Amino acid sequence: MLKTFSKSLQSISTIILLSFIVSACQNNTSPLTSSRTSQQESEEAKPLEIKVVVVTMFEIGEDDDDKPGEFQMWKEGQNLNTRYAFPMSHHDIYVNEDTGVMGIVTGMGTAKAAAAIMALGLDPRFDLTHAYWLVAGIAGVDPQDASIGSAVWANWLVDGDLAHEIDAREIPKDWKSGYFPLFSVEPISAEPTTPSDEKVQAVNGEAYQLNTQLTKWAYELSKDTALSDYPAMYELREKYINYPNARKRPFVLIGDHMAAATFWHGKLLNQWANDWSAYWSNGQANFVTSGMEDTGSYQSMIYLDNAQKADKSRFMVLRAASNYSMQPDSLTAANNLAMESGENGYAGMQSALESAYSVGSVVVNDIVANWETYRDALPYEASKVAPDEATLNEILTPTTDPVDAKLSAEELIKSLNLTGHVEGGFYRQTFKADHRPMLSTEHGDRVNMTSIYYLLSAKSPIGHFHMNRSDIMHYFHVGDPITYYLLNQDGSLETHILGPDPTQGHEMQMVVKGGTWKASKISTTGDYGYGLIGEAVAPGFEYQDMQLAEQAELVSTYPQHSDLIRTLTR
C-alpha cells in the first residue's frame with residue numbers, strides 16, 4: 001500500500017515537472033502576441049466569458065506568416081492575440097479577449113480531439129456555458145454531392161470506426177464487404193434501412209444528430225459567401241465527367257460528415273460511407289464529407305453538457321473540401337491517392353482552408369455582433385425573445401416625426417443580406433474577380449479585386465481602427481455621412497467625410513492606401529440612422545491581409561492621437 005502511494009507521488013511530481021517544462025518551452029511568441037502568465041491568470045478570479053470557440057485540427061509549421069494550416073487564418077483574421085498555455089493538450093489556446101473569440105488546435109485524430117475538447121471544457125480560466133462551438137476544417141468530399149473548395153455544414157456526424165471487420169481475404173463470396181456494423185453478423189444491405197418501428201439505435205456513438213435548426217441558420221447566413229477557385233481545381237474537376245456536382249465551382253451546402261481514424265479512399269469505400277451513414281441515421285444522413293475527429297469532439301460536448309460546462313446545442317461543424325473521396329473514372333483509387341499524396345498535394349487544399357475561414361467567419365462575426373441577443377437565445381429563436389423594458393417603452397411610445405419612405409437600417413441589413421463585421425458594422429462581399437488570373441503578392445496569390453457593401457448604423461456606429469495591406473476605394477451609397485479617421489505612417493491624421501452632399505464638403509468617393517490605419521464613425525442621431533457605402537479592394541481582400549488594432553500598441557505608436565484611438569478601438 002505504502003509502496004503504491006509512493007509511486008503515485010512520484011508520478012504526480014513527474015507530471016507537475018513536465019507541465020512546467022512544456023509551459024516554459026512554449027513561452028516564445030510573436031511580437032504581436034501577448035502571453036498570459038500563471039500569476040496573471042490566478043489573480044483574475046472571474047473566468048473569461050467566451051462567445052465562440054473555433055476548433056481546428058492541425059497547423060503546418062508556425063501559427064503566423066508561413067504556409068497555413070487550419071488554424072493560421074483564424075488566428076490572423078480574428079486577431080487571436082492573447083496566448084494561454086495549455087500543456088494538457090496538443091496546442092496552446094489563443095483568444096481575442098475583446099471579441100470573446102477563442103481558437104484551438106486539437107491535433108489530428110479522434111482521441112486528440114476528444115481529449116482537447118474535454119480539457120478545455122473543464123478549464124476554470126474560461127466561462128464556456130454560453131459559447132458557440134465551430135469546428136472549421138478540411139475534408140474529403142463525395143463527388144456526387146459537391147466540388148473541391150466547397151464548404152459543407154453538417155447535420156449528422158457518423159462514426160466509421162465502431163464496427164466488426166473480417167479480413168478481405170476471408171470474407172464470404174456473396175458479401176460485398178468484410179466491414180459491418182456492431183451487433184450484426186453480415187454487411188448492411190444496399191436496400192432502404194429498417195422499418196420505422198425497428199429503427200437502428202446508435203447508442204454507442206455510431207452517429208450523432210446536431211442541432212439542425214442551428215445548422216440551417218448558419219447555412220442561410222453564409223450560403224452566398226464567395227469562395228476561391230484556382231486553375232488546378234478546374235483541371236481536376238473536369239476529370240469527373242459523370243459527376244455534375246463535382247464539376248461546379250465551389251459552393252456552400254448542407255451535408256453530413258463521416259469521421260474515421262483511417263484515411264480511406266475509392267469508389268467502393270465511398271459507397272460504403274453512403275450506406276453506413278444511411279444505416280446509422282435510419283435514412284436521414286447523406287454522406288458528403290470525410291474526416292477524422294468530429295464524433296470524438298461531439299462526444300466530449302455531450303459529457304460537458306451533462307456537467308453544465310457547455311451547451312451541446314451550440315455545436316456546429318463546417319468542413320471544406322480539399323480533395324475528392326473517390327477517384328474519377330479515368331483513374332484507379334490507388335493511382336489517384338498516390339497523385340494527391342505527391343509533391344503538389346490536394347488541388348483544393350488552399351481553397352478549402354480559405355472557404356472554412358471565409359464561410360465560418362460570417363457566422364462567428366454575426367454571433368459576436370449580436371452577442372447581447374445570442375448569449376441567452378439561439379439565433380433562430382432570437383426573434384422570440386421579449387424586449388427589455390426600456391426597448392418596450394421605446395416601441396410603444398407614439399412618435400410625432402413625419403412618416404417618410406426611408407428604409408430602416410434593419411430593412412437594409414435584411415434585404416442586402418448583411419452580417420456583422422469583426423471591425424464593427426455590417427457587410428457582405430458582392431464580387432470576387434476569381435474569373436481572371438491571380439496576382440502574385442509577397443503574401444501569396446490574390447484576385448485582382450473584391451467588393452463589399454458596408455453599413456454603419458446607430459446601433460453599431462463605429463468601424464474600429466484596422467489596417468489593410470491592399471488599397472481600398474470607398475463609394476457612398478445612401479444614408480447619413482460617415483467620418484473617416486486615417487493615421488498615416490508619418491504620424492499625421494487625416495479626417496474625411498463620406499456623404500451625399502458635396503456642397504457640405506462631403507466626398508462621394510475616397511481612397512485609402514494599403515498600410516494606413518483606418519477607423520470610421522457615424523452619428524447616432526442622424527436622419528437615417530445608418531450610412532451605406534461600397535468598397536472595392538485591390539488586390540482582392542483576404543482576412544490575413546487585415547489587422548485589427550491593439551489599443552495599447554496603437555497608442556504607443558501614435559501617442560499624440562491617444563484620445564481618438566481609445567475611442568475608436570475595441
# chains A, B, ... in the order shown; residues from 1 in each chain; ligands from 1
>>> residues_around(residues="A:Ala552", least_positions_apart="2", cutoff="10 Å", atoms="only C-alpha atoms", output="PyMOL selection string")
chain A and resi 549-550+554-559+562+565-566+569
>>> write_last_selection(atoms="N, CA and C atoms", output="PDB file, in the first residue's frame")
ATOM      1  N   ALA A 549      -6.612  46.729 -34.831  1.00  0.00           N
ATOM      2  CA  ALA A 549      -5.649  47.419 -33.969  1.00  0.00           C
ATOM      3  C   ALA A 549      -5.735  46.962 -32.518  1.00  0.00           C
ATOM      4  N   GLU A 550      -4.577  46.847 -31.894  1.00  0.00           N
ATOM      5  CA  GLU A 550      -4.466  46.688 -30.457  1.00  0.00           C
ATOM      6  C   GLU A 550      -4.346  48.080 -29.851  1.00  0.00           C
ATOM      7  N   LEU A 554      -1.288  50.773 -30.513  1.00  0.00           N
ATOM      8  CA  LEU A 554      -1.521  51.919 -31.399  1.00  0.00           C
ATOM      9  C   LEU A 554      -1.300  53.239 -30.654  1.00  0.00           C
ATOM     10  N   VAL A 555      -1.704  53.288 -29.387  1.00  0.00           N
ATOM     11  CA  VAL A 555      -1.462  54.488 -28.576  1.00  0.00           C
ATOM     12  C   VAL A 555       0.037  54.721 -28.423  1.00  0.00           C
ATOM     13  N   SER A 556       0.796  53.631 -28.226  1.00  0.00           N
ATOM     14  CA  SER A 556       2.242  53.754 -28.094  1.00  0.00           C
ATOM     15  C   SER A 556       2.881  54.293 -29.372  1.00  0.00           C
ATOM     16  N   THR A 557       2.333  53.889 -30.531  1.00  0.00           N
ATOM     17  CA  THR A 557       2.873  54.339 -31.813  1.00  0.00           C
ATOM     18  C   THR A 557       2.465  55.771 -32.130  1.00  0.00           C
ATOM     19  N   TYR A 558       1.221  56.134 -31.764  1.00  0.00           N
ATOM     20  CA  TYR A 558       0.694  57.476 -32.070  1.00  0.00           C
ATOM     21  C   TYR A 558       0.177  58.136 -30.782  1.00  0.00           C
ATOM     22  N   PRO A 559       1.067  58.445 -29.831  1.00  0.00           N
ATOM     23  CA  PRO A 559       0.598  58.996 -28.541  1.00  0.00           C
ATOM     24  C   PRO A 559      -0.121  60.325 -28.686  1.00  0.00           C
ATOM     25  N   SER A 562      -3.917  59.717 -28.823  1.00  0.00           N
ATOM     26  CA  SER A 562      -4.328  58.675 -27.879  1.00  0.00           C
ATOM     27  C   SER A 562      -5.820  58.729 -27.560  1.00  0.00           C
ATOM     28  N   ILE A 565      -7.770  57.284 -30.464  1.00  0.00           N
ATOM     29  CA  ILE A 565      -7.538  55.841 -30.579  1.00  0.00           C
ATOM     30  C   ILE A 565      -8.323  55.085 -29.527  1.00  0.00           C
ATOM     31  N   ARG A 566      -8.342  55.594 -28.299  1.00  0.00           N
ATOM     32  CA  ARG A 566      -9.083  54.908 -27.231  1.00  0.00           C
ATOM     33  C   ARG A 566     -10.585  54.888 -27.530  1.00  0.00           C
ATOM     34  N   THR A 569     -11.095  52.125 -30.801  1.00  0.00           N
ATOM     35  CA  THR A 569     -10.580  50.753 -30.781  1.00  0.00           C
ATOM     36  C   THR A 569     -11.416  49.959 -29.800  1.00  0.00           C
TER      37      THR A 569
END
>>> residues_around(residues="stretch 427-441 of chain A", least_positions_apart="3", cutoff="6 Å", atoms="only C-alpha atoms", output="PyMOL selection string")
chain A and resi 418-419+444-454
>>> residues_around(residues="stretch 524-533 of chain A", least_positions_apart="6", cutoff="12 Å", atoms="only C-alpha atoms", output="VMD selection string")
chain A and resid 401 to 402 404 to 413 416 418 425 to 428 451 to 463 473 to 483 497 to 500 507 to 510
>>> residues_around(residues="stretch 202-211 of chain A", least_positions_apart="3", cutoff="6 Å", atoms="only C-alpha atoms", output="JSON, numbers by chain")
{"A": [155, 156, 157, 158, 159, 214, 313]}
>>> select_by_dssp(residues="stretch 310-489 of chain A", states="strand (DSSP E or B)", output="short mmCIF file (atom, residue, chain, number, x, y, z; two decimals) with C-alpha atoms, in the first residue's frame")
data_model
loop_
_atom_site.label_atom_id
_atom_site.label_comp_id
_atom_site.auth_asym_id
_atom_site.auth_seq_id
_atom_site.Cartn_x
_atom_site.Cartn_y
_atom_site.Cartn_z
CA PHE A 315 -22.02 22.98 -31.59
CA MET A 316 -21.53 23.41 -35.35
CA VAL A 317 -19.39 21.52 -37.87
CA LEU A 318 -18.16 23.17 -41.08
CA ARG A 319 -15.92 21.09 -43.32
CA ALA A 320 -14.44 22.43 -46.57
CA ALA A 321 -13.42 20.04 -49.34
CA SER A 322 -9.70 19.75 -50.07
CA ASN A 323 -9.98 16.54 -52.13
CA TYR A 324 -12.50 14.06 -53.52
CA THR A 419 -23.86 40.23 -41.45
CA GLY A 420 -21.83 41.59 -38.53
CA PHE A 426 -22.28 45.09 -41.17
CA TYR A 427 -21.11 43.81 -44.55
CA ARG A 428 -21.44 41.33 -47.41
CA GLN A 429 -18.96 40.53 -50.17
CA THR A 430 -20.65 41.15 -53.53
CA PHE A 431 -17.88 40.41 -56.01
CA LYS A 432 -14.62 38.48 -56.28
CA LEU A 439 -1.95 38.37 -58.85
CA SER A 440 1.25 37.32 -57.13
CA THR A 441 1.98 39.30 -53.93
CA GLY A 444 0.54 34.94 -51.60
CA ASP A 445 -1.67 34.92 -54.67
CA ARG A 446 -4.65 37.29 -54.66
CA THR A 450 -13.11 42.22 -54.42
CA SER A 451 -16.06 44.42 -53.47
CA ILE A 452 -18.41 44.65 -50.49
CA TYR A 453 -21.36 46.52 -49.07
CA TYR A 454 -20.51 48.09 -45.69
CA LEU A 455 -23.01 49.69 -43.31
CA LEU A 456 -22.66 51.53 -40.02
CA SER A 457 -25.82 52.07 -38.00
CA ILE A 462 -18.02 52.57 -35.17
CA GLY A 463 -15.72 50.82 -37.61
CA HIS A 464 -12.78 50.30 -35.24
CA PHE A 465 -9.20 51.07 -36.22
CA HIS A 466 -7.75 48.45 -38.54
CA MET A 467 -5.23 48.22 -41.35
CA ASN A 468 -5.42 46.54 -44.75
CA ASP A 471 -5.72 49.80 -51.45
CA ILE A 472 -9.45 50.40 -50.92
CA MET A 473 -11.77 52.72 -52.85
CA HIS A 474 -14.90 53.74 -50.91
CA TYR A 475 -18.17 54.76 -52.62
CA PHE A 476 -21.02 56.44 -50.75
CA HIS A 477 -24.47 54.96 -51.46
CA VAL A 478 -27.14 56.27 -49.09
CA GLY A 479 -27.81 57.49 -45.56
CA ILE A 482 -19.65 58.78 -42.26
CA THR A 483 -16.49 60.32 -40.81
CA TYR A 484 -13.21 58.53 -41.53
CA TYR A 485 -10.02 58.88 -39.50
CA LEU A 486 -6.77 57.88 -41.21
CA LEU A 487 -3.48 57.51 -39.34
#
